[in-house]
Amino acid sequence: MTDLWVKQCGNSHTGSFKDLGMTVLVSQVNHIIKKQGGIKAVGCASTGDTSAALAAYCAAAGIPSIVFLPADKISLAQLVQPIANGSIVVSLDTDFDGCMKLIQEVVEEYPIYLANSMNSLRLEGQKTVSIEIAQQFDWEVPDWIVVPGGNLGNVYAFYKGFKMMKDLGLTKRMPRLVVAQAHNANPLYAAYKNGWDFQPMVAERTLASAIQIGDPVSVHRAIRALKACDGVVGEATEEELMDVGARADRTGMFNCPHTGVALAVLEKLRNDGTIGANDRTVVISTAHGLKFTDSKVYGLARPNYPGPSRILINPYSKRFIASLRLPTMSENFTRPRATMPTM
């Protein structure tokens, strides 16, 4: 592709795009508490990144926070973040959807403010990615935006941002949105293939753990957004997301497995002609790879790792640590070299 870009939303305070929405939400909650009180804490269910952002910004504001996490379904780095920031962390023997149902029950009974992406304040922050993209292209809208999809608040937030700019006359058109889902957690993809008839599912385990969601709370808003911009939904298997993600890393990036899902879906859409070779395409990288080093270890250990050589993995050895070459990225908007990925 001649005009492929990766928007590095993981180069942020807690390492994911969730910072954008959470700083807006916690700022508003802080304002409410100072004006009228009543709120005793802020809570969320999370697959790891939302909890990290909530804990950090609540700590900065001096507001107690509580997070519900699915046990053994997030990375160690994601677990450490809210603990380090002083959040009350509850690990539950269920999946994200179970955590989501429970936090909704809790906030109905106690003075805890819900911080999940069904809250419109989160979307107001997350839509700023759309504005950044347009501004960085001198207000020329890309042809395609490819975003990993889990709870799907981001999909509607991007649509909302681009629609706002078009309505204000800042831009002249809308991009087409692509939502990329992991095959093991693909309820939106199933709905897309079935005439938008959405049915929740029990998500299976995927290395793209932050989008391991079978009953996304923002699904209907996401479907409306996709219909409005003639959007597309694709899926990627575990092997596909790891393969393309590894090839991306060979260019100097170090992205999360969810970005691998987005790149794998992009590759499929390029191969079938949906996305043209010269279409300006922006892939949203939602988190930093350092939050998901366990998936990197798994990828490096695969027999078909797409690199010039494969190392023998011993996660506790100095040799293994020394063999990981982490790139330095000074900008949050990077253009891949022509070799990444070959499509």
# chains A, B, ... in the order shown; residues from 1 in each chain; ligands from 1
$ closest_atom_pairs --of "segment 187-252 of chain A" --to "segment 38-51 of chain A" --cutoff "9 Å" --atoms "only C-alpha atoms" --output "JSON lines"
{"residue": "A:Ser209", "atom": "CA", "partner": "A:Thr47", "partner_atom": "CA", "distance": 6.7}
{"residue": "A:Ala210", "atom": "CA", "partner": "A:Thr47", "partner_atom": "CA", "distance": 4.9}
{"residue": "A:Ile211", "atom": "CA", "partner": "A:Thr47", "partner_atom": "CA", "distance": 7.5}
{"residue": "A:Gln212", "atom": "CA", "partner": "A:Thr47", "partner_atom": "CA", "distance": 7.7}
{"residue": "A:Ile213", "atom": "CA", "partner": "A:Thr47", "partner_atom": "CA", "distance": 8.6}
$ select_by_dssp --residues "segment 84-257 of chain A" --states "helix (DSSP H, G or I)" --output "count of residues only"
83
$ residues_around --residues "Asp230 of chain A" --least-positions-apart "6" --cutoff "12 Å" --atoms "only C-alpha atoms" --output "NGL selection string"
:A and (143-145 or 159 or 174-179 or 192 or 222-224 or 274)
$ residues_around --residues "segment 180-184 of chain A" --least-positions-apart "2" --cutoff "9 Å" --atoms "only C-alpha atoms" --output "PyMOL selection string"
chain A and resi 146-150+178+186-189+203-208+211-212+232-238+241+258+261-266
$ residues_around --residues "Cys9 of chain A" --least-positions-apart "2" --cutoff "10 Å" --atoms "only C-alpha atoms" --output "count of residues only"
19
$ residues_around --residues "Leu170 of chain A" --least-positions-apart "3" --cutoff "12 Å" --atoms "only C-alpha atoms" --output "ChimeraX atom specification"
/A:131,134-135,138-141,161-167,173-174
$ atom_distance --atom1 "atom CA of Thr293 of chain A" --atom2 "atom CA of Arg122 of chain A"
27.1 Å
$ select_by_dssp --residues "segment 89-225 of chain A" --states "strand (DSSP E or B)" --output "list in words"
Val89, Val90, Ser91, Leu92, Ile112, Tyr113, Leu114, Trp144, Ile145, Val146, Val147, Pro148, Arg176, Leu177, Val178, Val179, Ala180, Gln181 and Ala182 of chain A
